[in-house]
Every structure is written in structure tokens, then in C-alpha cells.
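Shown below: run32.txt, with compact mmCIF, C-alpha atoms and all ligand atoms.
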# COMPACT_ATOMS: atom_id res chain seq x y z
CA ARG A 1 25.36 14.81 18.37
CA PHE A 2 23.45 16.92 15.88
CA CYS A 3 21.02 18.37 18.40
CA THR A 4 23.65 19.60 20.80
CA SER A 5 26.17 21.07 18.43
CA ASN A 6 25.92 24.38 20.18
CA MET A 7 27.62 23.16 23.32
CA ALA A 8 28.43 26.52 24.84
CA SER A 9 24.91 27.89 24.78
CA ARG A 10 23.63 24.55 25.93
CA ARG A 11 25.78 24.55 29.02
CA SER A 12 25.04 28.13 29.88
CA SER A 13 21.28 27.65 29.69
CA GLU A 14 20.61 24.00 30.28
CA LYS A 15 16.96 24.50 31.04
CA SER A 16 15.76 26.88 28.39
CA ARG A 17 17.10 25.43 25.18
CA THR A 18 16.14 28.51 23.26
CA GLY A 19 17.40 28.68 19.74
CA THR A 20 17.55 24.91 19.42
CA ASP A 21 15.21 22.87 17.33
CA LYS A 22 12.19 21.07 18.66
CA TYR A 23 10.53 18.07 17.08
CA SER A 24 6.83 17.37 17.49
CA VAL A 25 5.86 13.79 16.74
CA LEU A 26 2.25 13.36 15.67
CA LEU A 27 0.85 9.96 16.57
CA PRO A 28 -2.67 9.42 15.31
CA THR A 29 -4.20 6.36 16.94
CA TYR A 30 -7.28 4.30 16.46
CA ASN A 31 -7.39 1.06 18.45
CA GLU A 32 -3.66 0.99 19.13
CA ARG A 33 -3.80 0.10 22.83
CA GLU A 34 -1.18 -2.60 22.44
CA ASN A 35 1.17 -0.66 20.16
CA LEU A 36 1.02 2.75 21.81
CA PRO A 37 3.17 2.06 24.90
CA LEU A 38 5.75 0.31 22.75
CA ILE A 39 6.03 3.07 20.17
CA VAL A 40 6.21 5.72 22.89
CA TRP A 41 8.92 3.77 24.71
CA LEU A 42 10.95 3.53 21.51
CA LEU A 43 10.47 7.23 20.76
CA VAL A 44 11.66 8.20 24.23
CA LYS A 45 14.63 5.86 23.87
CA TYR A 46 15.86 7.22 20.55
CA PHE A 47 15.10 10.87 21.27
CA GLY A 48 16.88 10.46 24.59
CA GLU A 49 19.97 9.10 22.85
CA SER A 50 19.98 11.85 20.25
CA GLU A 51 19.46 14.53 22.91
CA CYS A 52 16.98 16.35 20.71
CA ASN A 53 14.19 18.44 22.11
CA TYR A 54 10.85 16.75 21.41
CA GLU A 55 7.21 16.21 22.27
CA ILE A 56 4.83 13.40 21.37
CA ILE A 57 1.30 14.40 20.47
CA ILE A 58 -1.20 11.56 20.65
CA ILE A 59 -4.37 12.13 18.67
CA ASP A 60 -6.81 9.40 19.57
CA ASP A 61 -10.18 9.26 17.87
CA GLY A 62 -12.28 7.74 20.64
CA SER A 63 -10.87 4.24 20.22
CA PRO A 64 -13.20 1.71 21.84
CA ASP A 65 -10.24 -0.43 22.99
CA GLY A 66 -9.07 2.08 25.61
CA THR A 67 -6.11 3.57 23.76
CA LEU A 68 -6.73 6.89 25.48
CA GLU A 69 -6.54 5.35 28.95
CA MET A 70 -3.20 3.85 27.95
CA ALA A 71 -2.05 7.26 26.70
CA ASP A 72 -3.05 8.70 30.06
CA GLN A 73 -0.85 6.21 31.90
CA LEU A 74 2.06 6.98 29.58
CA GLN A 75 1.65 10.68 30.23
CA LYS A 76 1.90 10.04 33.95
CA ILE A 77 5.09 8.04 33.42
CA TYR A 78 6.89 10.33 30.99
CA GLY A 79 5.43 13.71 31.96
CA SER A 80 2.98 16.06 30.33
CA ASP A 81 5.73 18.11 28.71
CA LYS A 82 6.77 15.08 26.65
CA ILE A 83 3.41 13.39 26.07
CA LEU A 84 0.52 15.57 24.96
CA LEU A 85 -2.96 14.16 24.61
CA ARG A 86 -5.18 15.80 22.03
CA PRO A 87 -8.04 13.32 21.67
CA ARG A 88 -11.16 13.75 19.60
CA ALA A 89 -14.56 12.34 20.40
CA LYS A 90 -15.03 10.16 17.36
CA LYS A 91 -13.25 8.69 14.35
CA LEU A 92 -12.81 11.61 11.99
CA GLY A 93 -10.06 10.23 9.78
CA LEU A 94 -6.34 10.53 9.44
CA GLY A 95 -6.12 13.76 7.41
CA THR A 96 -7.98 15.87 9.94
CA ALA A 97 -6.08 14.13 12.76
CA TYR A 98 -2.87 15.62 11.35
CA ILE A 99 -4.42 19.09 11.08
CA HIS A 100 -5.65 18.78 14.65
CA GLY A 101 -2.20 17.72 15.79
CA ILE A 102 -0.36 20.50 13.98
CA GLN A 103 -2.52 23.09 15.70
CA HIS A 104 -1.21 21.90 19.04
CA ALA A 105 2.41 21.33 18.04
CA THR A 106 5.00 23.63 19.58
CA GLY A 107 8.03 22.32 17.67
CA ASN A 108 9.49 23.92 14.57
CA TYR A 109 9.72 20.48 12.97
CA ILE A 110 6.97 17.92 12.75
CA ILE A 111 7.36 14.18 12.37
CA ILE A 112 4.45 12.17 11.13
CA MET A 113 4.38 8.43 11.66
CA ASP A 114 2.00 5.54 12.22
CA ALA A 115 1.57 4.27 15.75
CA ASP A 116 1.38 0.63 14.71
CA LEU A 117 5.15 -0.06 14.93
CA SER A 118 5.57 -0.36 11.18
CA HIS A 119 7.55 2.88 11.37
CA HIS A 120 10.52 2.43 13.68
CA PRO A 121 11.67 5.46 15.72
CA LYS A 122 15.31 4.41 15.22
CA PHE A 123 15.14 6.15 11.85
CA ILE A 124 14.21 9.53 13.31
CA PRO A 125 17.81 10.50 14.15
CA GLU A 126 18.65 9.71 10.53
CA PHE A 127 15.75 11.89 9.34
CA ILE A 128 17.02 14.74 11.48
CA ARG A 129 20.59 14.33 10.28
CA LYS A 130 19.42 14.21 6.68
CA GLN A 131 17.29 17.32 7.13
CA LYS A 132 20.20 19.27 8.58
CA GLU A 133 22.56 18.02 5.90
CA GLY A 134 20.69 19.72 3.06
CA ASN A 135 18.32 21.98 5.00
CA TYR A 136 15.50 20.05 3.31
CA ASP A 137 11.92 21.24 3.63
CA LEU A 138 10.81 17.68 4.11
CA VAL A 139 12.46 14.32 4.58
CA SER A 140 10.58 11.24 3.52
CA GLY A 141 11.22 7.66 4.56
CA THR A 142 11.49 5.31 1.60
CA ARG A 143 10.99 1.57 1.35
CA TYR A 144 12.13 1.51 -2.23
CA LYS A 145 15.72 2.70 -2.06
CA GLY A 146 19.04 1.60 -0.63
CA ASP A 147 18.68 -0.47 2.50
CA GLY A 148 14.97 0.24 2.65
CA GLY A 149 12.53 -2.63 2.53
CA VAL A 150 9.56 -4.40 4.04
CA TYR A 151 8.85 -7.31 6.29
CA GLY A 152 5.85 -9.60 6.24
CA TRP A 153 4.77 -8.93 2.66
CA ASP A 154 3.97 -11.75 0.27
CA LEU A 155 4.77 -11.70 -3.43
CA ARG A 156 1.34 -10.39 -4.37
CA ARG A 157 1.60 -7.39 -2.09
CA LYS A 158 5.13 -6.63 -3.26
CA LEU A 159 3.99 -6.79 -6.86
CA ILE A 160 1.06 -4.44 -6.27
CA SER A 161 3.27 -2.05 -4.33
CA ARG A 162 6.04 -1.98 -6.93
CA GLY A 163 3.59 -1.86 -9.82
CA ALA A 164 1.62 1.02 -8.34
CA ASN A 165 4.84 2.84 -7.57
CA PHE A 166 6.13 2.40 -11.11
CA VAL A 167 2.93 3.68 -12.71
CA THR A 168 2.96 6.65 -10.37
CA GLN A 169 6.59 7.44 -11.12
CA VAL A 170 5.92 7.35 -14.86
CA LEU A 171 2.80 9.49 -14.73
CA LEU A 172 3.73 12.05 -12.09
CA ARG A 173 7.55 12.10 -11.96
CA PRO A 174 7.34 13.38 -8.39
CA GLY A 175 11.04 13.38 -7.52
CA ALA A 176 10.63 11.06 -4.55
CA SER A 177 10.70 7.29 -4.49
CA ASP A 178 8.13 6.47 -1.80
CA LEU A 179 4.87 8.32 -2.32
CA THR A 180 2.41 6.38 -0.25
CA GLY A 181 4.54 6.01 2.85
CA SER A 182 3.64 8.27 5.76
CA PHE A 183 6.86 8.34 7.77
CA ARG A 184 8.12 11.88 7.20
CA LEU A 185 9.68 14.92 8.79
CA TYR A 186 8.50 18.39 7.81
CA LYS A 187 9.39 21.94 8.63
CA LYS A 188 6.31 23.08 10.46
CA GLU A 189 5.36 25.92 8.15
CA VAL A 190 5.84 23.65 5.13
CA LEU A 191 3.50 21.04 6.54
CA GLU A 192 0.92 23.68 7.37
CA ARG A 193 1.03 25.00 3.84
CA LEU A 194 0.79 21.50 2.36
CA VAL A 195 -2.03 20.30 4.56
CA GLU A 196 -3.99 23.38 3.56
CA LYS A 197 -3.56 22.50 -0.11
CA CYS A 198 -4.22 18.79 0.00
CA VAL A 199 -7.70 17.46 -0.35
CA SER A 200 -7.43 13.70 -0.87
CA LYS A 201 -7.96 10.93 1.63
CA GLY A 202 -6.10 7.77 2.62
CA TYR A 203 -3.00 6.70 0.71
CA VAL A 204 -3.60 9.35 -1.89
CA PHE A 205 -3.25 12.02 0.77
CA GLN A 206 0.39 11.06 1.36
CA MET A 207 1.00 11.01 -2.37
CA GLU A 208 -0.60 14.41 -2.85
CA MET A 209 1.56 15.89 -0.09
CA ILE A 210 4.75 14.92 -1.93
CA VAL A 211 3.47 15.93 -5.35
CA ARG A 212 2.33 19.34 -4.11
CA ALA A 213 5.58 19.77 -2.22
CA ARG A 214 7.47 19.35 -5.46
CA GLN A 215 5.07 21.68 -7.22
CA LEU A 216 5.58 24.40 -4.62
CA GLY A 217 9.33 24.05 -5.04
CA TYR A 218 10.07 22.50 -1.66
CA THR A 219 13.18 20.36 -1.37
CA ILE A 220 12.85 16.69 -0.47
CA GLY A 221 15.40 14.44 1.22
CA GLU A 222 15.03 10.68 1.50
CA VAL A 223 16.04 8.13 4.11
CA PRO A 224 15.73 4.37 3.48
CA ILE A 225 13.51 2.71 6.09
CA SER A 226 12.49 -0.84 6.87
CA PHE A 227 8.75 -1.20 7.09
CA VAL A 228 7.65 -4.01 9.38
CA ASP A 229 4.00 -4.91 9.00
CA ARG A 230 1.88 -4.32 12.07
CA VAL A 231 2.08 -7.11 14.62
CA TYR A 232 -0.83 -6.08 16.83
CA GLY A 233 -4.26 -4.84 15.94
CA GLU A 234 -6.18 -4.73 12.74
CA SER A 235 -5.65 -2.94 9.50
CA LYS A 236 -8.09 -0.10 9.05
CA LEU A 237 -7.54 0.77 5.46
CA GLY A 238 -8.94 -2.20 3.63
CA GLY A 239 -11.48 -2.91 0.91
CA ASN A 240 -11.24 -1.18 -2.42
CA GLU A 241 -7.85 0.37 -1.76
CA ILE A 242 -6.60 -0.15 -5.28
CA VAL A 243 -9.60 1.48 -6.90
CA SER A 244 -9.38 4.57 -4.74
CA PHE A 245 -5.63 4.69 -5.30
CA LEU A 246 -6.08 4.71 -9.07
CA LYS A 247 -8.78 7.34 -8.84
CA GLY A 248 -6.54 9.52 -6.74
CA LEU A 249 -3.61 8.99 -9.06
CA LEU A 250 -5.60 10.03 -12.11
CA THR A 251 -6.96 13.05 -10.28
CA LEU A 252 -3.43 14.18 -9.44
CA PHE A 253 -2.36 13.42 -13.00
CA ALA A 254 -5.02 15.72 -14.39
CA THR A 255 -4.78 18.49 -11.82
CA THR A 256 -1.15 18.93 -10.85
CA MET B 1 1.07 22.86 -16.98
CA THR B 2 -0.49 19.76 -15.49
CA LYS B 3 1.12 16.37 -15.96
CA LEU B 4 -1.76 15.45 -18.25
CA ALA B 5 -1.06 18.48 -20.44
CA GLU B 6 2.64 17.64 -20.49
CA TRP B 7 1.86 14.16 -21.72
CA LEU B 8 -0.58 15.37 -24.37
CA PHE B 9 1.98 17.91 -25.53
CA GLY B 10 4.74 15.30 -25.72
CA ILE B 11 2.56 12.84 -27.57
CA SER B 12 1.44 15.47 -30.09
CA VAL B 13 5.03 16.49 -30.84
CA VAL B 14 6.15 12.92 -31.38
CA GLY B 15 2.98 12.16 -33.36
CA ALA B 16 3.52 15.18 -35.60
CA LEU B 17 7.14 14.20 -36.30
CA TRP B 18 6.03 10.69 -37.08
CA GLY B 19 3.35 11.98 -39.48
CA VAL B 20 5.81 14.28 -41.21
CA VAL B 21 8.26 11.47 -41.86
CA THR B 22 5.84 8.65 -42.64
CA PHE B 23 3.43 10.50 -44.92
CA ASP B 24 5.86 13.19 -46.00
CA LEU B 25 3.34 15.84 -44.93
CA LEU B 26 5.66 18.74 -45.65
CA GLY B 27 6.76 17.39 -49.04
CA LEU B 28 10.38 17.16 -47.94
CA ARG B 29 11.02 14.17 -50.22
CA LEU B 30 12.79 12.26 -47.48
CA PRO B 31 14.63 9.05 -48.35
CA ALA B 32 12.31 6.04 -48.67
CA ALA B 33 14.32 4.18 -46.06
CA TRP B 34 13.28 6.76 -43.46
CA GLN B 35 9.61 6.18 -44.15
CA GLU B 36 10.05 2.45 -43.92
CA VAL B 37 11.69 2.76 -40.54
CA ALA B 38 9.24 5.36 -39.30
CA TRP B 39 5.83 3.88 -39.99
CA PRO B 40 5.95 0.95 -37.52
CA MET B 41 7.78 3.08 -34.94
CA PRO B 42 4.79 3.66 -32.59
CA VAL B 43 4.32 -0.09 -32.22
CA TYR B 44 8.03 -0.63 -31.59
CA LEU B 45 8.04 2.10 -28.98
CA LEU B 46 5.00 0.68 -27.22
CA VAL B 47 6.44 -2.82 -27.17
CA ALA B 48 9.79 -1.53 -25.97
CA PHE B 49 8.14 0.48 -23.21
CA GLY B 50 6.04 -2.52 -22.19
CA CYS B 51 9.13 -4.71 -21.95
CA TYR B 52 10.98 -2.06 -20.02
CA SER B 53 8.08 -1.74 -17.57
CA LEU B 54 7.77 -5.48 -17.01
CA ALA B 55 11.51 -5.90 -16.59
CA THR B 56 11.77 -2.97 -14.17
CA VAL B 57 8.84 -3.99 -12.01
CA GLY B 58 9.95 -7.62 -12.06
CA TYR B 59 13.46 -6.73 -11.04
CA ARG B 60 12.23 -4.45 -8.27
CA VAL B 61 9.87 -7.07 -6.90
CA ALA B 62 12.66 -9.65 -6.94
CA THR B 63 15.08 -7.31 -5.18
CA PHE B 64 12.57 -5.88 -2.68
CA ASN B 65 14.46 -6.21 0.62
CA ASP B 66 13.02 -8.53 3.24
CA CYS B 67 13.95 -6.92 6.52
CA GLU B 68 14.24 -10.07 8.65
CA GLU B 69 16.82 -8.43 10.87
CA ALA B 70 14.64 -5.37 11.50
CA ALA B 71 11.71 -7.59 12.47
CA ARG B 72 13.86 -9.57 14.89
CA GLU B 73 15.29 -6.42 16.45
CA LEU B 74 11.78 -5.02 16.90
CA GLN B 75 10.62 -8.19 18.65
CA GLU B 76 13.52 -7.98 21.09
CA GLN B 77 12.86 -4.32 21.76
CA ILE B 78 9.18 -5.07 22.39
CA GLN B 79 10.15 -7.52 25.14
CA GLU B 80 12.58 -5.02 26.60
CA ALA B 81 9.98 -2.25 26.50
CA ARG B 82 7.37 -4.41 28.25
CA VAL B 83 9.71 -5.20 31.12
CA ASP B 84 10.80 -1.59 31.48
CA LEU B 85 7.29 -0.16 31.27
CA ARG B 86 5.96 -2.60 33.81
CA ARG B 87 8.75 -1.54 36.17
CA LYS B 88 7.69 2.06 35.62
CA GLY B 89 4.18 1.07 36.74
CA LEU B 90 2.31 0.69 33.48
CA ARG B 91 -0.70 -1.63 33.52
CA PHE B 92 -1.01 -3.25 30.11
N1 LIG A 301 -6.76 9.54 15.02
C1 LIG A 301 -6.97 8.63 14.06
N2 LIG A 301 -5.99 7.75 13.75
C2 LIG A 301 -6.21 6.84 12.77
C3 LIG A 301 -7.43 6.79 12.06
N3 LIG A 301 -7.33 5.78 11.14
C4 LIG A 301 -6.11 5.23 11.30
N4 LIG A 301 -5.43 5.86 12.30
C5 LIG A 301 -4.05 5.61 12.74
O1 LIG A 301 -3.21 5.93 11.65
C6 LIG A 301 -2.11 5.06 11.56
C7 LIG A 301 -2.11 4.34 10.22
O2 LIG A 301 -3.24 3.53 10.09
P1 LIG A 301 -3.17 1.98 9.71
O3 LIG A 301 -4.44 1.34 10.06
O4 LIG A 301 -1.92 1.38 10.26
O5 LIG A 301 -3.06 2.08 8.15
P2 LIG A 301 -2.08 1.28 7.23
O6 LIG A 301 -0.70 1.40 7.75
O7 LIG A 301 -2.32 1.76 5.85
O8 LIG A 301 -2.61 -0.21 7.31
P3 LIG A 301 -2.08 -1.44 8.17
O9 LIG A 301 -0.77 -1.08 8.78
O10 LIG A 301 -2.02 -2.57 7.21
O11 LIG A 301 -3.12 -1.64 9.22
C8 LIG A 301 -2.22 4.13 12.76
O12 LIG A 301 -1.43 4.65 13.79
C9 LIG A 301 -3.71 4.18 13.09
O13 LIG A 301 -3.94 3.92 14.44
C10 LIG A 301 -8.45 7.75 12.39
O14 LIG A 301 -9.53 7.78 11.83
N5 LIG A 301 -8.16 8.64 13.38
MG MG A 302 0.06 0.61 9.35

Spell out the structure here as C-alpha cells.
Amino acid sequence: RFCTSNMASRRSSEKSRTGTDKYSVLLPTYNERENLPLIVWLLVKYFGESECNYEIIIIDDGSPDGTLEMADQLQKIYGSDKILLRPRAKKLGLGTAYIHGIQHATGNYIIIMDADLSHHPKFIPEFIRKQKEGNYDLVSGTRYKGDGGVYGWDLRRKLISRGANFVTQVLLRPGASDLTGSFRLYKKEVLERLVEKCVSKGYVFQMEMIVRARQLGYTIGEVPISFVDRVYGESKLGGNEIVSFLKGLLTLFATT
Amino acid sequence: MTKLAEWLFGISVVGALWGVVTFDLLGLRLPAAWQEVAWPMPVYLLVAFGCYSLATVGYRVATFNDCEEAARELQEQIQEARVDLRRKGLRF
């Protein structure tokens, strides 16, 4: 029980868990009506088992499918101390959604994950354990190491993913195996500092965060994760992904 | 130093060494065998790196884990979550 190691102080002040860590989960959503209740249920389940102090911050960008109404219902069920709604009027993108979320986070650690069920909350306790183990500044989930992996990817997608990862490793030597994944745990002040520094969009944003983290001398821990492709809803990052990825990669190559 | 600069620096150092040996730029009168080995070196290195890249990426694609079990577990949990959430009064 890594979140309740301090048993004495916990018993003496059950209500005010001062001095203990708090984890703020940022869930950016756009048209995730079907996934949102499921991801929240899983988060509550695993945080409950780990007995960690947490809050879930839902940042919805005016989804037309009624994601916010669903979030409202969930807040009524689980309480407004656990579920915080910080919606924005229109789709302003993922990067600014994180910034918006951080501003409202009260935890000293922040977990960033997708709300589409491709990132499973069962790994969060492992992230937390890993973080405590080496007092890492950030812990990144990785699909490319150990028991990590993917589900629902065909050969073509695997090839692109591995190829892009190899090129990136050769050019940037970032000291982390999964650069484009977005399932990570950060110390709050570290994330704030990084977000301030990072300028790219989309996949490249995640990559830049890790590269800059290394550059600023932050320590990085890794936890293998299984990435299950989204079951419900549509993919939003489509089109000329590869082109913008390469552009971003070369930009980082030349500037960091 | 940016990664680009690091690469340029590395390439220049290797290139300079190669030039020194192949064309005997410093007049060191190195053994002829050295020159013979050195002059096609850049091509060898490129080919070797290409092979290494293909082999590595190929191996990693072939050994990319398929998380069947994780997908199955998730499906079960989704069913469980639906039942539980409905009981808690959620309207899907
Ligand atoms: N608030 C907000 N959330 C967004 C926006 N775009 C995407 N998201 C959410 O960010 C997360 C990641 O987006 P995805 O569409 O899953 O991107 P992806 O994982 O690269 O692509 P797929 O999983 O293949 O669809 C999901 O939870 C989305 O709902 C946005 O503009 N604003
Ligand atoms: Mg996704």
C-alpha cells in the first residue's frame, strides 16, 4: 500500500490527509460520451484499491455528442471532490486542454491520459510505485518495452510505429523508449515547466515534452503498458500525421 | 549543442580521420594497407548501418506484443462497469 505507508498519521487524521500525495488525473475529451463513464469507473476502481488521494479533471471542449452531460451525471454519482468539470466552449486542441487542466489541479502529481480507453487505469498504481521507487520527475508508459504492447494494430501500423520510433531514437537519443505515447505521470511543477517550454502540436507535443525533460535534466522512469486501440468513437488525429510527425522531428533535431 | 550540431561534429571528425588516412593529408606515410581498407569505409559503414536498421526494425515489428489478454480483460470490465453504473443511476 504505497499511498498509506504512513499508517499512524493516517489513523490519527483520517479526514485531512495532509502530508500525503494527491494525484490529479487530466482527462481531455472530445466526443467521448461512450468512453467517459467507463474510464471514470475504472479510475475510481483502481484508485480506490490503491487508497491514493486523487481527483479527476474532465476538460471537455464543447463536444456535440453530449460528453459534458455525461460528465455531469458522473459528478453527481461520484461527488464533486472526485470529479471536477473544467469545460471549454469550443475545440481548442489538446495542448491547451492540458494547460487549462493544470491550472485547476490541486494535486502535487499529475497524470495525463487519453479518455478513449486505450490507456488503462490499472497501470496507474504501477506508475505511482515506479515514481516513488526512484523519485522520478516523470514516469512514462511505454508500448515498446518489456510486457508493453498494442492491440488492434495491423502490420502496416506496427511498421510505421516501430520505424518512426527507431528514426527518432537514432536522431534524438532521448533516453525514453516511447516518445509519442501520452500516458504519463508528472510532478506538478515539472509538468508546468515543461508545458511552458513546449510549442508543438499533436504527437510531436508528447515527443517534445520528453526531449525537453531530458534536456532540463529531469529523471524519467518507464512502465510497460498495453495500448488497446479505441473501441468507441472516432479517431481525431488523422490525415497527414506522418508528414507533421517528420516535420516536428526535424524541428526538434535542429533546435534541441 | 543541438542534436544537429552533435551530428555535424561527429561526421566532421570521422570524415577528417578518413581523409587523413585515405589521402595521407598529414604526410604520415601510413602503410598502404591502411589506405586500401580506409577508402571504401564510408560505404561499408552506410551499408552496415542500413542492415542494422532494417534488422532492428524488422525484429521489433515481429516481436511487437499483441495484447489479446488486455483487450479481453477490458471488454469484461466494460460490461461490469455498465451494470454497476446503471445501478448507480447513470443514463447512458
Ligand atoms: N479537450 C479536448 N480533448 C481532445 C481534443 N482532441 C482530442 N481530445 C481527446 O484527447 C484524447 C486523445 O485523442 P484521440 O483522438 O484518441 O487521439 P489518438 O489517440 O492519437 O487517436 P485514436 O485513438 O486513434 O483516435 C482523447 O481523450 C480525446 O477525446 C481537443 O481538441 N480538446
Ligand atoms: Mg486514442

Considering all atoms listed in the file, tabulate each residue of chain A that lies at most 10 Å from chain B along with its nearest interatomic pair and the corresponding distance in Å to one decimal; arrange the rows by chain and ascending residue number and present them as CSV.
residue,atom,partner,partner_atom,distance
A:Arg33,CA,B:Phe92,CA,8.5
A:Glu34,CA,B:Phe92,CA,7.7
A:Asn35,CA,B:Ile78,CA,9.4
A:Pro37,CA,B:Leu85,CA,7.9
A:Leu38,CA,B:Ala81,CA,6.2
A:Ile39,CA,B:Ile78,CA,9.0
A:Val40,CA,B:Ala81,CA,9.5
A:Trp41,CA,B:Ala81,CA,6.4
A:Leu42,CA,B:Ala81,CA,7.7
A:Lys45,CA,B:Ala81,CA,9.7
A:Met70,CA,B:Phe92,CA,7.7
A:Gln73,CA,B:Leu90,CA,6.6
A:Leu74,CA,B:Leu90,CA,7.4
A:Lys76,CA,B:Leu90,CA,9.4
A:Ile77,CA,B:Lys88,CA,6.9
A:Tyr78,CA,B:Lys88,CA,9.5
A:Leu117,CA,B:Leu74,CA,8.5
A:Ser118,CA,B:Ala71,CA,9.6
A:His120,CA,B:Leu74,CA,8.2
A:Arg143,CA,B:Asn65,CA,8.5
A:Tyr144,CA,B:Phe64,CA,7.4
A:Lys145,CA,B:Phe64,CA,9.2
A:Gly146,CA,B:Asn65,CA,9.1
A:Asp147,CA,B:Asn65,CA,7.4
A:Gly148,CA,B:Asn65,CA,6.8
A:Gly149,CA,B:Asn65,CA,4.5
A:Val150,CA,B:Asp66,CA,5.4
A:Tyr151,CA,B:Cys67,CA,5.1
A:Gly152,CA,B:Asp66,CA,7.8
A:Trp153,CA,B:Asp66,CA,8.3
A:Leu155,CA,B:Val61,CA,7.7
A:Arg156,CA,B:Val61,CA,9.5
A:Arg157,CA,B:Val61,CA,9.6
A:Lys158,CA,B:Val61,CA,6.0
A:Leu159,CA,B:Val61,CA,5.9
A:Ile160,CA,B:Val61,CA,9.2
A:Ser161,CA,B:Val61,CA,8.7
A:Arg162,CA,B:Val57,CA,6.1
A:Gly163,CA,B:Val57,CA,6.1
A:Ala164,CA,B:Val57,CA,9.5
A:Asn165,CA,B:Val57,CA,9.1
A:Phe166,CA,B:Val57,CA,7.0
A:Val167,CA,B:Ser53,CA,8.9
A:Val170,CA,B:Ser53,CA,9.7
A:Leu171,CA,B:Lys3,CA,7.2
A:Leu172,CA,B:Lys3,CA,6.4
A:Arg173,CA,B:Lys3,CA,8.7
A:Ile225,CA,B:Cys67,CA,9.6
A:Ser226,CA,B:Cys67,CA,6.3
A:Phe227,CA,B:Cys67,CA,7.8
A:Val228,CA,B:Ala71,CA,6.2
A:Asp229,CA,B:Ala71,CA,8.9
A:Val231,CA,B:Gln75,CA,9.5
A:Leu250,CA,B:Leu4,CA,9.0
A:Thr251,CA,B:Leu4,CA,9.8
A:Leu252,CA,B:Lys3,CA,8.2
A:Phe253,CA,B:Lys3,CA,5.4
A:Ala254,CA,B:Leu4,CA,5.1
A:Thr255,CA,B:Thr2,CA,5.8
A:Thr256,CA,B:Thr2,CA,4.8

**Request:** Please write out the residues within 7 Å of ligand LIG 301 (chain A) as number ranges by chain, counting all atoms listed in the file.
**Result:** A: 27-32, 59-61, 91-94, 97, 114-116, 118, 229-230, 234-237

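The coordinates place CA of Tyr136 (chain A) at 25.2 Å from CA of Lys201 (chain A).
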
**Prompt:** Which polymer residues have any atom within 12 Å of an atom of Phe23 (chain B), counting all atoms listed in the file, with same-chain residues fewer than 3 positions away left out, as a ChimeraX atom specification?
**Reply:** /B:15-20,26-32,34-36,38-39

**Request:** Work out how far apart CA of Tyr218 (chain A) and CA of Leu138 (chain A) are and give it in Å to one decimal.
**Result:** 7.6 Å

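The space between CA of Gly95 (chain A) and CA of Ser80 (chain A) spans 24.8 Å.
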
**Request:** Determine the nearest neighbour of Leu36 (chain A) from the options A:Lys130, A:Ile220, A:Gln215, A:Gly233, counting all atoms listed in the file.
**Result:** A:Gly233
